>>> print(open('work_21.tsv').read())   # TSV, C-alpha atoms
chain	number	residue	atom	x	y	z
A	1	ASP	CA	4.42	-3.89	-10.70
A	2	GLN	CA	2.02	-3.92	-7.75
A	3	GLN	CA	-0.77	-1.44	-8.29
A	4	VAL	CA	-2.14	-1.99	-4.79
A	5	LYS	CA	0.24	-2.16	-1.87
A	6	GLN	CA	-0.18	-3.07	1.77
A	7	ASN	CA	3.23	-2.34	3.17
A	8	SER	CA	2.67	-3.86	6.60
A	9	PRO	CA	2.58	-7.66	6.37
A	10	SER	CA	1.42	-7.88	9.97
A	11	LEU	CA	0.02	-5.78	12.80
A	12	SER	CA	-0.60	-6.52	16.49
A	13	VAL	CA	-3.06	-4.53	18.56
A	14	GLN	CA	-4.36	-4.83	22.10
A	15	GLU	CA	-8.03	-5.74	22.53
A	16	GLY	CA	-10.20	-2.63	22.87
A	17	ARG	CA	-7.72	-0.36	21.06
A	18	ILE	CA	-7.93	0.93	17.51
A	19	SER	CA	-6.56	-1.10	14.58
A	20	ILE	CA	-5.49	0.86	11.52
A	21	LEU	CA	-4.75	-1.02	8.32
A	22	ASN	CA	-3.28	0.87	5.41
A	23	CYS	CA	-3.38	0.48	1.66
A	24	ASP	CA	-1.73	2.51	-1.10
A	25	TYR	CA	-2.49	2.42	-4.80
A	26	THR	CA	-0.72	3.74	-7.85
A	27	ASN	CA	-3.50	4.23	-10.38
A	28	SER	CA	-5.34	7.50	-9.74
A	29	MET	CA	-8.15	6.32	-12.02
A	30	PHE	CA	-9.37	3.66	-9.55
A	31	ASP	CA	-12.91	4.60	-8.60
A	32	TYR	CA	-14.06	1.97	-6.12
A	33	PHE	CA	-12.31	0.32	-3.19
A	34	LEU	CA	-13.12	-2.62	-0.94
A	35	TRP	CA	-11.78	-4.36	2.13
A	36	TYR	CA	-11.99	-8.11	2.61
A	37	LYS	CA	-11.30	-10.17	5.69
A	38	LYS	CA	-9.94	-13.71	5.54
A	39	TYR	CA	-9.75	-16.34	8.27
A	40	PRO	CA	-7.43	-19.36	7.88
A	41	ALA	CA	-8.80	-22.13	5.66
A	42	GLU	CA	-11.67	-19.90	4.51
A	43	GLY	CA	-12.22	-17.63	1.54
A	44	PRO	CA	-12.17	-13.84	1.91
A	45	THR	CA	-15.42	-12.19	2.96
A	46	PHE	CA	-16.44	-8.69	1.95
A	47	LEU	CA	-16.21	-6.18	4.78
A	48	ILE	CA	-16.74	-2.61	3.60
A	49	SER	CA	-16.40	-0.49	0.46
A	50	ILE	CA	-15.98	3.13	-0.55
A	51	SER	CA	-16.53	4.98	-3.78
A	52	SER	CA	-14.03	7.56	-5.00
A	53	ILE	CA	-16.65	10.29	-4.62
A	54	LYS	CA	-16.55	9.83	-0.85
A	55	ASP	CA	-13.77	10.15	1.69
A	56	LYS	CA	-15.31	8.11	4.50
A	57	ASN	CA	-17.68	5.19	4.95
A	58	GLU	CA	-18.73	3.67	8.25
A	59	ASP	CA	-20.28	0.35	9.17
A	60	GLY	CA	-20.44	-0.34	12.87
A	61	ARG	CA	-16.92	-0.74	14.25
A	62	PHE	CA	-15.40	-0.46	10.78
A	63	THR	CA	-14.60	2.80	9.02
A	64	VAL	CA	-12.78	3.20	5.73
A	65	PHE	CA	-11.07	6.49	4.86
A	66	LEU	CA	-10.01	7.48	1.37
A	67	ASN	CA	-7.40	10.14	0.61
A	68	LYS	CA	-7.44	10.48	-3.17
A	69	SER	CA	-4.65	13.03	-3.37
A	70	ALA	CA	-2.34	10.67	-1.48
A	71	LYS	CA	-3.77	7.58	-3.21
A	72	HIS	CA	-4.21	6.03	0.19
A	73	LEU	CA	-6.98	4.28	2.02
A	74	SER	CA	-7.18	2.97	5.52
A	75	LEU	CA	-9.45	0.72	7.52
A	76	HIS	CA	-10.08	1.59	11.16
A	77	ILE	CA	-11.48	-0.97	13.56
A	78	VAL	CA	-12.69	0.43	16.87
A	79	PRO	CA	-12.72	-1.21	19.32
A	80	SER	CA	-10.63	-4.16	18.17
A	81	GLN	CA	-11.80	-7.60	19.28
A	82	PRO	CA	-9.98	-10.97	19.27
A	83	GLY	CA	-12.41	-12.19	16.59
A	84	ASP	CA	-11.02	-9.48	14.28
A	85	SER	CA	-7.74	-11.41	14.06
A	86	ALA	CA	-7.50	-12.27	10.36
A	87	VAL	CA	-5.80	-11.25	7.14
A	88	TYR	CA	-7.22	-8.09	5.59
A	89	PHE	CA	-7.03	-7.42	1.86
A	90	CYS	CA	-7.76	-4.15	0.14
A	91	ALA	CA	-8.91	-4.17	-3.47
A	92	SER	CA	-9.23	-1.40	-6.02
A	93	PHE	CA	-11.44	-1.24	-9.08
A	94	LEU	CA	-11.50	0.70	-12.28
A	95	TYR	CA	-14.78	0.64	-14.20
A	96	GLY	CA	-14.52	-1.66	-17.19
A	97	GLN	CA	-11.64	-3.60	-15.69
A	98	ASN	CA	-11.25	-6.05	-12.83
A	99	PHE	CA	-10.42	-5.73	-9.18
A	100	VAL	CA	-6.76	-5.49	-8.19
A	101	PHE	CA	-5.95	-6.94	-4.78
A	102	GLY	CA	-3.22	-6.04	-2.32
A	103	PRO	CA	-1.07	-8.74	-0.66
A	104	GLY	CA	-2.86	-8.51	2.68
A	105	THR	CA	-2.04	-7.54	6.27
A	106	ARG	CA	-2.32	-10.06	9.08
A	107	LEU	CA	-3.99	-8.47	12.12
A	108	SER	CA	-3.58	-10.04	15.54
A	109	VAL	CA	-5.74	-8.67	18.33
A	110	LEU	CA	-4.25	-9.62	21.67
A	111	PRO	CA	-6.53	-10.21	24.68
B	112	ASP	CA	-28.34	-21.49	2.39
B	113	GLY	CA	-26.68	-19.78	-0.57
B	114	GLY	CA	-22.99	-19.90	-1.15
B	115	ILE	CA	-20.07	-20.86	-3.29
B	116	THR	CA	-18.45	-24.29	-3.00
B	117	GLN	CA	-15.00	-25.30	-4.09
B	118	SER	CA	-13.77	-28.86	-4.19
B	119	PRO	CA	-11.55	-30.55	-3.35
B	120	LYS	CA	-9.99	-28.61	-0.49
B	121	TYR	CA	-6.57	-30.19	-1.17
B	122	LEU	CA	-5.35	-31.57	-4.47
B	123	PHE	CA	-2.12	-33.20	-5.53
B	124	ARG	CA	-0.89	-33.34	-9.09
B	125	LYS	CA	1.81	-35.40	-10.69
B	126	GLU	CA	4.13	-33.88	-13.22
B	127	GLY	CA	2.56	-33.74	-16.68
B	128	GLN	CA	-0.97	-34.27	-15.38
B	129	ASN	CA	-4.01	-32.06	-15.89
B	130	VAL	CA	-6.28	-31.47	-12.90
B	131	THR	CA	-9.67	-29.80	-12.63
B	132	LEU	CA	-10.82	-27.68	-9.71
B	133	SER	CA	-14.55	-27.46	-9.15
B	134	CYS	CA	-16.49	-24.29	-8.35
B	135	GLU	CA	-20.26	-24.22	-7.87
B	136	GLN	CA	-22.48	-21.35	-6.71
B	137	ASN	CA	-26.17	-21.18	-5.87
B	138	LEU	CA	-26.31	-17.41	-5.47
B	139	ASN	CA	-27.70	-16.89	-8.97
B	140	HIS	CA	-24.71	-14.70	-9.76
B	141	ASP	CA	-23.88	-13.93	-13.38
B	142	ALA	CA	-20.17	-13.27	-12.89
B	143	MET	CA	-17.60	-15.84	-11.76
B	144	TYR	CA	-13.85	-15.57	-11.25
B	145	TRP	CA	-10.76	-17.68	-10.60
B	146	TYR	CA	-7.84	-16.29	-8.64
B	147	ARG	CA	-4.47	-17.63	-7.65
B	148	GLN	CA	-2.79	-16.67	-4.37
B	149	ASP	CA	0.91	-17.11	-3.73
B	150	PRO	CA	2.68	-16.25	-0.45
B	151	GLY	CA	3.20	-12.49	-0.02
B	152	GLN	CA	1.15	-11.61	-3.07
B	153	GLY	CA	-2.35	-10.40	-3.67
B	154	LEU	CA	-4.94	-12.41	-5.51
B	155	ARG	CA	-4.14	-12.62	-9.21
B	156	LEU	CA	-6.92	-13.10	-11.72
B	157	ILE	CA	-6.70	-16.19	-13.92
B	158	TYR	CA	-10.02	-16.21	-15.80
B	159	TYR	CA	-13.42	-14.63	-15.42
B	160	SER	CA	-16.85	-15.05	-16.91
B	161	GLN	CA	-19.64	-12.46	-16.97
B	162	ILE	CA	-22.20	-14.71	-18.61
B	163	VAL	CA	-22.81	-18.34	-19.51
B	164	ASN	CA	-20.83	-19.63	-22.50
B	165	ASP	CA	-18.45	-16.68	-22.37
B	166	PHE	CA	-15.20	-16.16	-20.48
B	167	GLN	CA	-12.15	-13.93	-20.64
B	168	LYS	CA	-8.49	-14.31	-19.79
B	169	GLY	CA	-7.23	-12.56	-16.72
B	170	ASP	CA	-3.68	-11.50	-15.92
B	171	ILE	CA	-2.16	-14.98	-15.62
B	172	ALA	CA	-4.21	-17.28	-17.89
B	173	GLU	CA	-1.31	-19.21	-19.42
B	174	GLY	CA	-1.44	-22.91	-18.52
B	175	TYR	CA	-5.07	-22.76	-17.39
B	176	SER	CA	-8.42	-23.36	-19.06
B	177	VAL	CA	-12.05	-22.87	-18.01
B	178	SER	CA	-15.58	-23.52	-19.18
B	179	ARG	CA	-18.91	-21.90	-18.33
B	180	GLU	CA	-21.61	-24.20	-19.63
B	181	LYS	CA	-23.94	-23.53	-16.71
B	182	LYS	CA	-24.55	-20.40	-14.67
B	183	GLU	CA	-23.80	-22.24	-11.43
B	184	SER	CA	-20.53	-23.86	-12.47
B	185	PHE	CA	-17.10	-22.53	-13.47
B	186	PRO	CA	-14.47	-25.30	-13.36
B	187	LEU	CA	-10.79	-24.51	-13.73
B	188	THR	CA	-8.35	-26.94	-15.36
B	189	VAL	CA	-4.69	-26.61	-14.49
B	190	THR	CA	-2.86	-28.07	-17.46
B	191	SER	CA	0.61	-29.56	-17.71
B	192	ALA	CA	1.63	-26.36	-19.46
B	193	GLN	CA	1.41	-24.52	-16.13
B	194	LYS	CA	4.98	-24.89	-14.91
B	195	ASN	CA	4.47	-23.64	-11.38
B	196	PRO	CA	0.97	-24.74	-10.36
B	197	THR	CA	1.55	-25.03	-6.62
B	198	ALA	CA	-0.69	-22.35	-5.10
B	199	PHE	CA	-3.94	-21.60	-3.34
B	200	TYR	CA	-6.82	-21.20	-5.80
B	201	LEU	CA	-9.92	-19.15	-5.02
B	202	CYS	CA	-13.17	-19.03	-6.93
B	203	ALA	CA	-15.54	-16.08	-6.57
B	204	SER	CA	-18.88	-14.93	-7.88
B	205	ALA	CA	-20.69	-11.60	-8.04
B	206	THR	CA	-23.92	-10.09	-9.33
B	207	GLY	CA	-21.91	-7.96	-11.73
B	208	PRO	CA	-18.43	-6.83	-12.72
B	209	ASN	CA	-18.18	-3.94	-10.26
B	210	GLN	CA	-19.82	-5.62	-7.29
B	211	PRO	CA	-18.25	-7.18	-4.19
B	212	GLN	CA	-17.30	-10.77	-4.82
B	213	HIS	CA	-18.28	-13.77	-2.75
B	214	PHE	CA	-15.48	-16.29	-2.36
B	215	GLY	CA	-15.29	-20.02	-1.86
B	216	ASP	CA	-12.97	-21.51	0.74
B	217	GLY	CA	-10.29	-22.33	-1.81
B	218	THR	CA	-8.38	-25.33	-3.12
B	219	ARG	CA	-4.71	-25.85	-2.29
B	220	LEU	CA	-2.90	-27.52	-5.16
B	221	SER	CA	0.46	-29.20	-4.65
B	222	ILE	CA	2.83	-31.05	-6.98
B	223	LEU	CA	3.99	-34.54	-6.09
>>> encode(input="work_21.tsv", output="structure tokens")
Amino acid sequence: DQQVKQNSPSLSVQEGRISILNCDYTNSMFDYFLWYKKYPAEGPTFLISISSIKDKNEDGRFTVFLNKSAKHLSLHIVPSQPGDSAVYFCASFLYGQNFVFGPGTRLSVLP
Amino acid sequence: DGGITQSPKYLFRKEGQNVTLSCEQNLNHDAMYWYRQDPGQGLRLIYYSQIVNDFQKGDIAEGYSVSREKKESFPLTVTSAQKNPTAFYLCASATGPNQPQHFGDGTRLSIL
């Protein structure tokens, strides 16, 4: 039973346009969420996080939105660059337990 | 330059053989984790340790063992009891249990 789902295995976007990566979770008690980015042959690197008390967090070109009622979060990348091509994982956390990771979405930014 | 190092990058195991994957960090992190990644799935937690000389089973601990004798080191042994060990293994560390984790570059284990 996957508690964290990323229903799009892959996404292609034109350079300069917006990339939107989506993540859904089933446990309404999750209180902290993160996005990681992973290049081939490397480990994931932390990108951005959001607490359940917020609905938006921005860091440069990256913005994460949280919709608690829908149990949905999304990562927006604007503008998308070829170097953003990677696999993106979302992860959810419940205090006192461990992170639960989604299966990832492969983003390809086309020049 | 601080980081987390996993070795080897590729590892091959014969049937019935135990193998140990190395994970070392110089970030002075208290918490360390081992994950397994299979195609189309998220990272699944094998074992974790919040402090030296203590570790806990994760969601898929069967067939694996760990030790945490030093803060910097958290080796994972894949035993012969693990019937489907072929996977990509990731080690991570963090300052605490609810903090973003720093990952190594992984070890890909295959069965001969």
>>> interface_residues(input="work_21.tsv", of="chain B", to="chain A", cutoff="12 Å", atoms="only C-alpha atoms", output="number ranges by chain")
B: 114-117, 120-121, 142-161, 167-170, 199-205, 207-219
>>> closest_residue(input="work_21.tsv", among="A:Ser92, A:Ser85, A:Gln14, A:Asn22", to="Leu107 in chain A", atoms="only C-alpha atoms")
A:Ser85
>>> atom_distance(input="work_21.tsv", atom1="CA of Ala192 in chain B", atom2="CA of Phe123 in chain B")
16.0 Å
>>> residues_around(input="work_21.tsv", residues="Ala70 in chain A", least_positions_apart="6", cutoff="10 Å", atoms="all atoms listed in the file", output="PyMOL selection string")
chain A and resi 24-26+28
>>> residues_around(input="work_21.tsv", residues="Ser108 in chain A", least_positions_apart="4", cutoff="9 Å", atoms="all atoms listed in the file", output="ChimeraX atom specification")
/A:10-14,82,84-87
>>> write_last_selection(input="work_21.tsv", atoms="C-alpha atoms", output="short mmCIF file (atom, residue, chain, number, x, y, z; two decimals), keeping the file's coordinate frame")
data_model
loop_
_atom_site.label_atom_id
_atom_site.label_comp_id
_atom_site.auth_asym_id
_atom_site.auth_seq_id
_atom_site.Cartn_x
_atom_site.Cartn_y
_atom_site.Cartn_z
CA SER A 10 1.42 -7.88 9.97
CA LEU A 11 0.02 -5.78 12.80
CA SER A 12 -0.60 -6.52 16.49
CA VAL A 13 -3.06 -4.53 18.56
CA GLN A 14 -4.36 -4.83 22.10
CA PRO A 82 -9.98 -10.97 19.27
CA ASP A 84 -11.02 -9.48 14.28
CA SER A 85 -7.74 -11.41 14.06
CA ALA A 86 -7.50 -12.27 10.36
CA VAL A 87 -5.80 -11.25 7.14
#
>>> closest_residue(input="work_21.tsv", among="A:His76, A:Lys71, A:Tyr88, A:Gly60", to="Ser8 in chain A", atoms="only C-alpha atoms")
A:Tyr88
>>> atom_distance(input="work_21.tsv", atom1="CA of Asn139 in chain B", atom2="CA of Pro186 in chain B")
16.3 Å
>>> residues_around(input="work_21.tsv", residues="Phe65 in chain A", least_positions_apart="4", cutoff="10 Å", atoms="all atoms listed in the file", output="list in words")
Asn22, Ser49, Ile50, Lys54, Asp55, Lys56, Asn57, Glu58, His72, Leu73, Ser74, Leu75 and His76 of chain A
>>> closest_residue(input="work_21.tsv", among="B:Leu138, B:Val163, B:Ile171, B:Leu223", to="Arg124 in chain B", atoms="all atoms listed in the file")
B:Leu223
>>> atom_distance(input="work_21.tsv", atom1="CA of Arg106 in chain A", atom2="CA of Asp59 in chain A")
20.8 Å
>>> closest_residue(input="work_21.tsv", among="B:Gln128, B:Ser118, B:Ile162, B:Ile222", to="Lys182 in chain B", atoms="all atoms listed in the file")
B:Ile162
>>> closest_residue(input="work_21.tsv", among="B:Glu183, B:Leu220, B:Asp165, B:Leu132", to="Gly113 in chain B", atoms="all atoms listed in the file")
B:Glu183
>>> residues_around(input="work_21.tsv", residues="Leu187 in chain B", least_positions_apart="4", cutoff="8 Å", atoms="only C-alpha atoms", output="PyMOL selection string")
chain B and resi 131-134+145+175-178
>>> axis_aligned_box(input="work_21.tsv", around="range 181-196 of chain B", padding_each_side="6 Å", output="JSON")
{"center_x": -9.8, "center_y": -25.0, "center_z": -14.9, "size_x": 41.5, "size_y": 21.2, "size_z": 21.1}
>>> build_atoms(input="work_21.tsv", residues="range 158-193 of chain B", atoms="N, CA and C atoms", output="PDB file, in the coordinates of the input")
ATOM      1  N   TYR B 158      -8.951 -16.295 -14.811  1.00  0.00           N
ATOM      2  CA  TYR B 158     -10.020 -16.210 -15.800  1.00  0.00           C
ATOM      3  C   TYR B 158     -11.258 -15.643 -15.131  1.00  0.00           C
ATOM      4  N   TYR B 159     -12.132 -15.067 -15.932  1.00  0.00           N
ATOM      5  CA  TYR B 159     -13.420 -14.630 -15.420  1.00  0.00           C
ATOM      6  C   TYR B 159     -14.482 -14.805 -16.498  1.00  0.00           C
ATOM      7  N   SER B 160     -15.717 -14.864 -16.014  1.00  0.00           N
ATOM      8  CA  SER B 160     -16.850 -15.050 -16.910  1.00  0.00           C
ATOM      9  C   SER B 160     -17.987 -14.155 -16.429  1.00  0.00           C
ATOM     10  N   GLN B 161     -18.526 -13.351 -17.338  1.00  0.00           N
ATOM     11  CA  GLN B 161     -19.640 -12.460 -16.970  1.00  0.00           C
ATOM     12  C   GLN B 161     -20.975 -13.059 -17.328  1.00  0.00           C
ATOM     13  N   ILE B 162     -20.942 -14.121 -18.157  1.00  0.00           N
ATOM     14  CA  ILE B 162     -22.200 -14.710 -18.610  1.00  0.00           C
ATOM     15  C   ILE B 162     -21.921 -16.131 -19.084  1.00  0.00           C
ATOM     16  N   VAL B 163     -22.953 -16.946 -19.076  1.00  0.00           N
ATOM     17  CA  VAL B 163     -22.810 -18.340 -19.510  1.00  0.00           C
ATOM     18  C   VAL B 163     -22.279 -18.390 -20.948  1.00  0.00           C
ATOM     19  N   ASN B 164     -21.418 -19.381 -21.181  1.00  0.00           N
ATOM     20  CA  ASN B 164     -20.830 -19.630 -22.500  1.00  0.00           C
ATOM     21  C   ASN B 164     -19.887 -18.536 -22.974  1.00  0.00           C
ATOM     22  N   ASP B 165     -19.418 -17.714 -22.031  1.00  0.00           N
ATOM     23  CA  ASP B 165     -18.450 -16.680 -22.370  1.00  0.00           C
ATOM     24  C   ASP B 165     -17.470 -16.513 -21.219  1.00  0.00           C
ATOM     25  N   PHE B 166     -16.194 -16.393 -21.524  1.00  0.00           N
ATOM     26  CA  PHE B 166     -15.200 -16.160 -20.480  1.00  0.00           C
ATOM     27  C   PHE B 166     -14.023 -15.413 -21.084  1.00  0.00           C
ATOM     28  N   GLN B 167     -13.267 -14.765 -20.206  1.00  0.00           N
ATOM     29  CA  GLN B 167     -12.150 -13.930 -20.640  1.00  0.00           C
ATOM     30  C   GLN B 167     -10.898 -14.274 -19.852  1.00  0.00           C
ATOM     31  N   LYS B 168      -9.758 -14.111 -20.482  1.00  0.00           N
ATOM     32  CA  LYS B 168      -8.490 -14.310 -19.790  1.00  0.00           C
ATOM     33  C   LYS B 168      -8.247 -13.175 -18.804  1.00  0.00           C
ATOM     34  N   GLY B 169      -7.686 -13.552 -17.667  1.00  0.00           N
ATOM     35  CA  GLY B 169      -7.230 -12.560 -16.720  1.00  0.00           C
ATOM     36  C   GLY B 169      -5.759 -12.275 -16.917  1.00  0.00           C
ATOM     37  N   ASP B 170      -5.085 -11.912 -15.833  1.00  0.00           N
ATOM     38  CA  ASP B 170      -3.680 -11.500 -15.920  1.00  0.00           C
ATOM     39  C   ASP B 170      -2.704 -12.659 -16.079  1.00  0.00           C
ATOM     40  N   ILE B 171      -3.110 -13.859 -15.621  1.00  0.00           N
ATOM     41  CA  ILE B 171      -2.160 -14.980 -15.620  1.00  0.00           C
ATOM     42  C   ILE B 171      -2.824 -16.247 -16.163  1.00  0.00           C
ATOM     43  N   ALA B 172      -3.413 -16.178 -17.343  1.00  0.00           N
ATOM     44  CA  ALA B 172      -4.210 -17.280 -17.890  1.00  0.00           C
ATOM     45  C   ALA B 172      -3.378 -18.421 -18.474  1.00  0.00           C
ATOM     46  N   GLU B 173      -2.117 -18.188 -18.752  1.00  0.00           N
ATOM     47  CA  GLU B 173      -1.310 -19.210 -19.420  1.00  0.00           C
ATOM     48  C   GLU B 173      -1.205 -20.479 -18.583  1.00  0.00           C
ATOM     49  N   GLY B 174      -1.510 -21.630 -19.216  1.00  0.00           N
ATOM     50  CA  GLY B 174      -1.440 -22.910 -18.520  1.00  0.00           C
ATOM     51  C   GLY B 174      -2.723 -23.301 -17.834  1.00  0.00           C
ATOM     52  N   TYR B 175      -3.768 -22.482 -17.987  1.00  0.00           N
ATOM     53  CA  TYR B 175      -5.070 -22.760 -17.390  1.00  0.00           C
ATOM     54  C   TYR B 175      -6.154 -22.745 -18.470  1.00  0.00           C
ATOM     55  N   SER B 176      -7.257 -23.446 -18.198  1.00  0.00           N
ATOM     56  CA  SER B 176      -8.420 -23.360 -19.060  1.00  0.00           C
ATOM     57  C   SER B 176      -9.679 -23.430 -18.209  1.00  0.00           C
ATOM     58  N   VAL B 177     -10.776 -22.881 -18.729  1.00  0.00           N
ATOM     59  CA  VAL B 177     -12.050 -22.870 -18.010  1.00  0.00           C
ATOM     60  C   VAL B 177     -13.185 -23.170 -18.981  1.00  0.00           C
ATOM     61  N   SER B 178     -14.355 -23.420 -18.400  1.00  0.00           N
ATOM     62  CA  SER B 178     -15.580 -23.520 -19.180  1.00  0.00           C
ATOM     63  C   SER B 178     -16.699 -22.909 -18.358  1.00  0.00           C
ATOM     64  N   ARG B 179     -17.745 -22.462 -19.034  1.00  0.00           N
ATOM     65  CA  ARG B 179     -18.910 -21.900 -18.330  1.00  0.00           C
ATOM     66  C   ARG B 179     -20.155 -22.355 -19.089  1.00  0.00           C
ATOM     67  N   GLU B 180     -20.453 -23.632 -18.942  1.00  0.00           N
ATOM     68  CA  GLU B 180     -21.610 -24.200 -19.630  1.00  0.00           C
ATOM     69  C   GLU B 180     -22.903 -23.987 -18.860  1.00  0.00           C
ATOM     70  N   LYS B 181     -22.785 -23.787 -17.556  1.00  0.00           N
ATOM     71  CA  LYS B 181     -23.940 -23.530 -16.710  1.00  0.00           C
ATOM     72  C   LYS B 181     -23.673 -22.302 -15.852  1.00  0.00           C
ATOM     73  N   LYS B 182     -24.706 -21.607 -15.488  1.00  0.00           N
ATOM     74  CA  LYS B 182     -24.550 -20.400 -14.670  1.00  0.00           C
ATOM     75  C   LYS B 182     -23.916 -20.729 -13.326  1.00  0.00           C
ATOM     76  N   GLU B 183     -24.242 -21.898 -12.781  1.00  0.00           N
ATOM     77  CA  GLU B 183     -23.800 -22.240 -11.430  1.00  0.00           C
ATOM     78  C   GLU B 183     -22.369 -22.748 -11.367  1.00  0.00           C
ATOM     79  N   SER B 184     -21.782 -23.101 -12.494  1.00  0.00           N
ATOM     80  CA  SER B 184     -20.530 -23.860 -12.470  1.00  0.00           C
ATOM     81  C   SER B 184     -19.437 -23.201 -13.307  1.00  0.00           C
ATOM     82  N   PHE B 185     -18.223 -23.159 -12.765  1.00  0.00           N
ATOM     83  CA  PHE B 185     -17.100 -22.530 -13.470  1.00  0.00           C
ATOM     84  C   PHE B 185     -15.826 -23.309 -13.128  1.00  0.00           C
ATOM     85  N   PRO B 186     -15.647 -24.496 -13.695  1.00  0.00           N
ATOM     86  CA  PRO B 186     -14.470 -25.300 -13.360  1.00  0.00           C
ATOM     87  C   PRO B 186     -13.194 -24.772 -13.991  1.00  0.00           C
ATOM     88  N   LEU B 187     -12.111 -24.946 -13.279  1.00  0.00           N
ATOM     89  CA  LEU B 187     -10.790 -24.510 -13.730  1.00  0.00           C
ATOM     90  C   LEU B 187      -9.901 -25.740 -13.929  1.00  0.00           C
ATOM     91  N   THR B 188      -9.302 -25.857 -15.105  1.00  0.00           N
ATOM     92  CA  THR B 188      -8.350 -26.940 -15.360  1.00  0.00           C
ATOM     93  C   THR B 188      -6.937 -26.376 -15.352  1.00  0.00           C
ATOM     94  N   VAL B 189      -6.107 -26.974 -14.534  1.00  0.00           N
ATOM     95  CA  VAL B 189      -4.690 -26.610 -14.490  1.00  0.00           C
ATOM     96  C   VAL B 189      -3.973 -27.617 -15.387  1.00  0.00           C
ATOM     97  N   THR B 190      -3.443 -27.159 -16.494  1.00  0.00           N
ATOM     98  CA  THR B 190      -2.860 -28.070 -17.460  1.00  0.00           C
ATOM     99  C   THR B 190      -1.373 -28.302 -17.178  1.00  0.00           C
ATOM    100  N   SER B 191      -0.813 -29.262 -17.882  1.00  0.00           N
ATOM    101  CA  SER B 191       0.610 -29.560 -17.710  1.00  0.00           C
ATOM    102  C   SER B 191       1.478 -28.420 -18.210  1.00  0.00           C
ATOM    103  N   ALA B 192       0.885 -27.511 -18.957  1.00  0.00           N
ATOM    104  CA  ALA B 192       1.630 -26.360 -19.460  1.00  0.00           C
ATOM    105  C   ALA B 192       1.895 -25.321 -18.368  1.00  0.00           C
ATOM    106  N   GLN B 193       1.198 -25.433 -17.255  1.00  0.00           N
ATOM    107  CA  GLN B 193       1.410 -24.520 -16.130  1.00  0.00           C
ATOM    108  C   GLN B 193       2.606 -25.050 -15.338  1.00  0.00           C
TER     109      GLN B 193
END
